[in-house]
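Asks: One structure, as structure tokens, below. Some questions next.
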Amino acid sequence: MKLADRYGDRPAEELPLLFQRILQNCIRDHFRRSKIRNLWTTLLSAFGSRDEDDHDPLENVADDRPSYQARTPEGQLEQHQTLKIIELEISKLPTRQREAFLMRYWEDMNVAETAAAMGCSEGSVKTHCSRATHALAAALEKRGITP
């Protein structure tokens with residue numbers, strides 16, 4: 001679809017190379033997002049079950065019961081509500097903190113790229129990210145989501 005939408009006016013000889021490039025970029029994006037999910041898994045691991053080594057805290061965050069119980073309707077509801085709280089708390093962050101946080105940890109941008117995109121220094125990006133992380137952890141703890 002991207003090829004047709006963006007490059008439909010190009011000569012037919014260029015289309016195979018453009019398709020290859022689009023495909024490569026989509027694959028890179030997929031793996032980059034997987035990397036970010038793994039980073040979040042690491043950051044949120046304190047919220048998961050402590051008796052399992054290979055759990056996904058996004059699936060059983062704030063649920064100290066065994067992970068198989070999270071698949072019950074009640075467990076799924078609790079999990080959904082917890083994830084909604086996390087989304088809400090991220091949206092409550094100050095604009096600059098939210099921007100820095102999402103660029104660094106969701107979009108997988110490095111400090112220099114984030115600083116350039118935000119039009120500030122690298123030190124400011126680090127400060128915004130640190131404050132966002134601490135504020136998010138405090139807000140989640142205040143709502144009863146504790147490690």
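For the structure tokens, the naming scheme is as follows: chains receive sequential letters (A, B, ...) according to their order of presentation, residues are indexed from 1 within each chain, and ligands are indexed from 1 in presentation order.
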Under the rule of at most 8 Å, produce a per-residue listing of region 72-113 of chain A near region 13-35 of chain A: chain, number, name, the closest pair of atoms, and the distance in Å, as a tab-separated table, using only C-alpha atoms.
Replies:
```
residue	atom	partner	partner_atom	distance
A:Trp106	CA	A:Arg33	CA	7.2
A:Glu107	CA	A:Arg33	CA	7.3
A:Asp108	CA	A:Arg32	CA	6.9
```
Asks: Keeping all heavy atoms, export the residues of the selection given above as a PDB file, in the first residue's frame.
Replies:
```pdb
ATOM      1  N   TRP A 106       9.501   4.847  23.500  1.00  0.00           N
ATOM      2  CA  TRP A 106       8.568   4.233  22.565  1.00  0.00           C
ATOM      3  C   TRP A 106       9.105   4.270  21.139  1.00  0.00           C
ATOM      4  O   TRP A 106       9.078   3.281  20.422  1.00  0.00           O
ATOM      5  CB  TRP A 106       7.211   4.924  22.631  1.00  0.00           C
ATOM      6  CG  TRP A 106       6.219   4.265  21.724  1.00  0.00           C
ATOM      7  CD1 TRP A 106       5.746   4.750  20.567  1.00  0.00           C
ATOM      8  CD2 TRP A 106       5.618   2.978  21.885  1.00  0.00           C
ATOM      9  NE1 TRP A 106       4.866   3.849  19.987  1.00  0.00           N
ATOM     10  CE2 TRP A 106       4.783   2.757  20.777  1.00  0.00           C
ATOM     11  CE3 TRP A 106       5.713   1.989  22.861  1.00  0.00           C
ATOM     12  CZ2 TRP A 106       4.037   1.599  20.631  1.00  0.00           C
ATOM     13  CZ3 TRP A 106       4.972   0.833  22.696  1.00  0.00           C
ATOM     14  CH2 TRP A 106       4.158   0.649  21.598  1.00  0.00           C
ATOM     15  N   GLU A 107       9.610   5.424  20.736  1.00  0.00           N
ATOM     16  CA  GLU A 107      10.117   5.567  19.374  1.00  0.00           C
ATOM     17  C   GLU A 107      11.577   5.142  19.239  1.00  0.00           C
ATOM     18  O   GLU A 107      12.125   5.177  18.149  1.00  0.00           O
ATOM     19  CB  GLU A 107       9.960   7.014  18.897  1.00  0.00           C
ATOM     20  CG  GLU A 107       8.511   7.440  18.744  1.00  0.00           C
ATOM     21  CD  GLU A 107       7.749   6.638  17.705  1.00  0.00           C
ATOM     22  OE1 GLU A 107       8.354   6.216  16.699  1.00  0.00           O
ATOM     23  OE2 GLU A 107       6.545   6.431  17.906  1.00  0.00           O
ATOM     24  N   ASP A 108      12.213   4.794  20.333  1.00  0.00           N
ATOM     25  CA  ASP A 108      13.595   4.297  20.340  1.00  0.00           C
ATOM     26  C   ASP A 108      14.574   5.316  19.754  1.00  0.00           C
ATOM     27  O   ASP A 108      15.517   4.945  19.065  1.00  0.00           O
ATOM     28  CB  ASP A 108      13.686   2.970  19.588  1.00  0.00           C
ATOM     29  CG  ASP A 108      15.007   2.259  19.841  1.00  0.00           C
ATOM     30  OD1 ASP A 108      15.598   2.449  20.921  1.00  0.00           O
ATOM     31  OD2 ASP A 108      15.453   1.514  18.945  1.00  0.00           O
TER      32      ASP A 108
END
```
Asks: Write out as a list of chain:residue names which residues come within 7 Å of region 86-92 of chain A when counting only C-alpha atoms, dropping same-chain ones fewer than 5 positions away.
Replies: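 Listing them by chain and then by number gives A:Arg98, A:Leu136, A:Ala139.
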Asks: Using CA of Arg143 (chain A) and CA of Thr82 (chain A) as the two end points, give the distance in Å to one decimal.
Replies: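 Computing the Euclidean distance for CA of Arg143 (chain A) and CA of Thr82 (chain A) yields 9.6 Å.
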Asks: List the spatial neighbours of Met103 (chain A) as a list in words - criterion: any atom at most 12 Å away, only C-alpha atoms, same-chain residues fewer than 4 positions off excluded.
Replies: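 Within the cut-off, the hits are Arg33, Ile36, Arg96, Gln97, Arg98, Glu99, Glu107, Asp108, Met109, Asn110, Val111, Ala112, Glu113, Thr114, Ala115, Ala116, Ala117, Met118, Val125, Lys126, His128 and Cys129 of chain A.
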Asks: For the residues in the current selection, export N, CA, C and O atoms as a compact mmCIF listing (two decimals), in the first residue's frame.
Replies:
```txt
# COMPACT_ATOMS: atom_id res chain seq x y z
N ARG A 33 10.23 -1.63 17.39
CA ARG A 33 9.12 -1.62 18.34
C ARG A 33 9.21 -2.82 19.30
O ARG A 33 8.88 -2.69 20.48
N ILE A 36 11.63 -1.89 21.93
CA ILE A 36 11.03 -0.98 22.90
C ILE A 36 10.12 -1.75 23.85
O ILE A 36 10.12 -1.52 25.04
N ARG A 96 6.47 18.35 27.92
CA ARG A 96 7.87 18.11 27.57
C ARG A 96 8.34 16.76 28.12
O ARG A 96 9.08 16.04 27.45
N GLN A 97 7.92 16.42 29.32
CA GLN A 97 8.30 15.12 29.89
C GLN A 97 7.68 13.99 29.08
O GLN A 97 8.36 13.00 28.76
N ARG A 98 6.41 14.14 28.72
CA ARG A 98 5.73 13.10 27.93
C ARG A 98 6.40 12.94 26.57
O ARG A 98 6.64 11.83 26.11
N GLU A 99 6.73 14.07 25.92
CA GLU A 99 7.39 14.02 24.62
C GLU A 99 8.72 13.28 24.72
O GLU A 99 9.02 12.38 23.93
N GLU A 107 9.61 5.42 20.74
CA GLU A 107 10.12 5.57 19.37
C GLU A 107 11.58 5.14 19.24
O GLU A 107 12.13 5.18 18.15
N ASP A 108 12.21 4.79 20.33
CA ASP A 108 13.60 4.30 20.34
C ASP A 108 14.57 5.32 19.75
O ASP A 108 15.52 4.94 19.06
N MET A 109 14.34 6.58 20.03
CA MET A 109 15.26 7.60 19.57
C MET A 109 16.36 7.76 20.63
O MET A 109 16.09 7.64 21.82
N ASN A 110 17.58 8.03 20.18
CA ASN A 110 18.64 8.25 21.16
C ASN A 110 18.53 9.66 21.70
O ASN A 110 17.70 10.46 21.26
N VAL A 111 19.39 9.99 22.68
CA VAL A 111 19.30 11.29 23.35
C VAL A 111 19.52 12.43 22.36
O VAL A 111 18.79 13.43 22.37
N ALA A 112 20.49 12.28 21.47
CA ALA A 112 20.78 13.35 20.50
C ALA A 112 19.61 13.57 19.54
O ALA A 112 19.24 14.71 19.26
N GLU A 113 19.01 12.48 19.05
CA GLU A 113 17.87 12.61 18.15
C GLU A 113 16.68 13.25 18.85
O GLU A 113 16.00 14.10 18.28
N THR A 114 16.46 12.85 20.08
CA THR A 114 15.35 13.41 20.86
C THR A 114 15.58 14.89 21.10
O THR A 114 14.66 15.71 20.96
N ALA A 115 16.81 15.26 21.46
CA ALA A 115 17.14 16.66 21.71
C ALA A 115 16.91 17.49 20.44
O ALA A 115 16.35 18.59 20.50
N ALA A 116 17.33 16.98 19.30
CA ALA A 116 17.14 17.70 18.05
C ALA A 116 15.65 17.85 17.73
O ALA A 116 15.21 18.93 17.31
N ALA A 117 14.88 16.80 17.94
CA ALA A 117 13.45 16.85 17.65
C ALA A 117 12.71 17.81 18.59
O ALA A 117 11.77 18.49 18.18
N MET A 118 13.18 17.87 19.83
CA MET A 118 12.52 18.72 20.81
C MET A 118 13.08 20.14 20.82
O MET A 118 12.50 21.03 21.45
N VAL A 125 16.87 16.59 27.79
CA VAL A 125 16.17 15.34 27.46
C VAL A 125 16.34 14.34 28.60
O VAL A 125 15.37 13.72 29.04
N LYS A 126 17.56 14.20 29.09
CA LYS A 126 17.81 13.26 30.19
C LYS A 126 17.01 13.65 31.42
O LYS A 126 16.43 12.80 32.11
N HIS A 128 14.18 15.48 31.53
CA HIS A 128 12.75 15.24 31.27
C HIS A 128 12.42 13.76 31.39
O HIS A 128 11.40 13.40 31.99
N CYS A 129 13.25 12.90 30.85
CA CYS A 129 13.01 11.45 30.92
C CYS A 129 13.06 10.95 32.36
O CYS A 129 12.22 10.15 32.78
```
Asks: How many Å lie between CA of Leu77 (chain A) and CA of Glu141 (chain A), rounded to one decimal?
Replies: 19.4 Å
Asks: Which is closer to Gly123 (chain A) than all the others in A:Lys142, A:Met1, A:Ala100, A:Tyr105, using only C-alpha atoms?
Replies: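 Looking at the shortest contact to Gly123 (chain A), the residue is A:Ala100.
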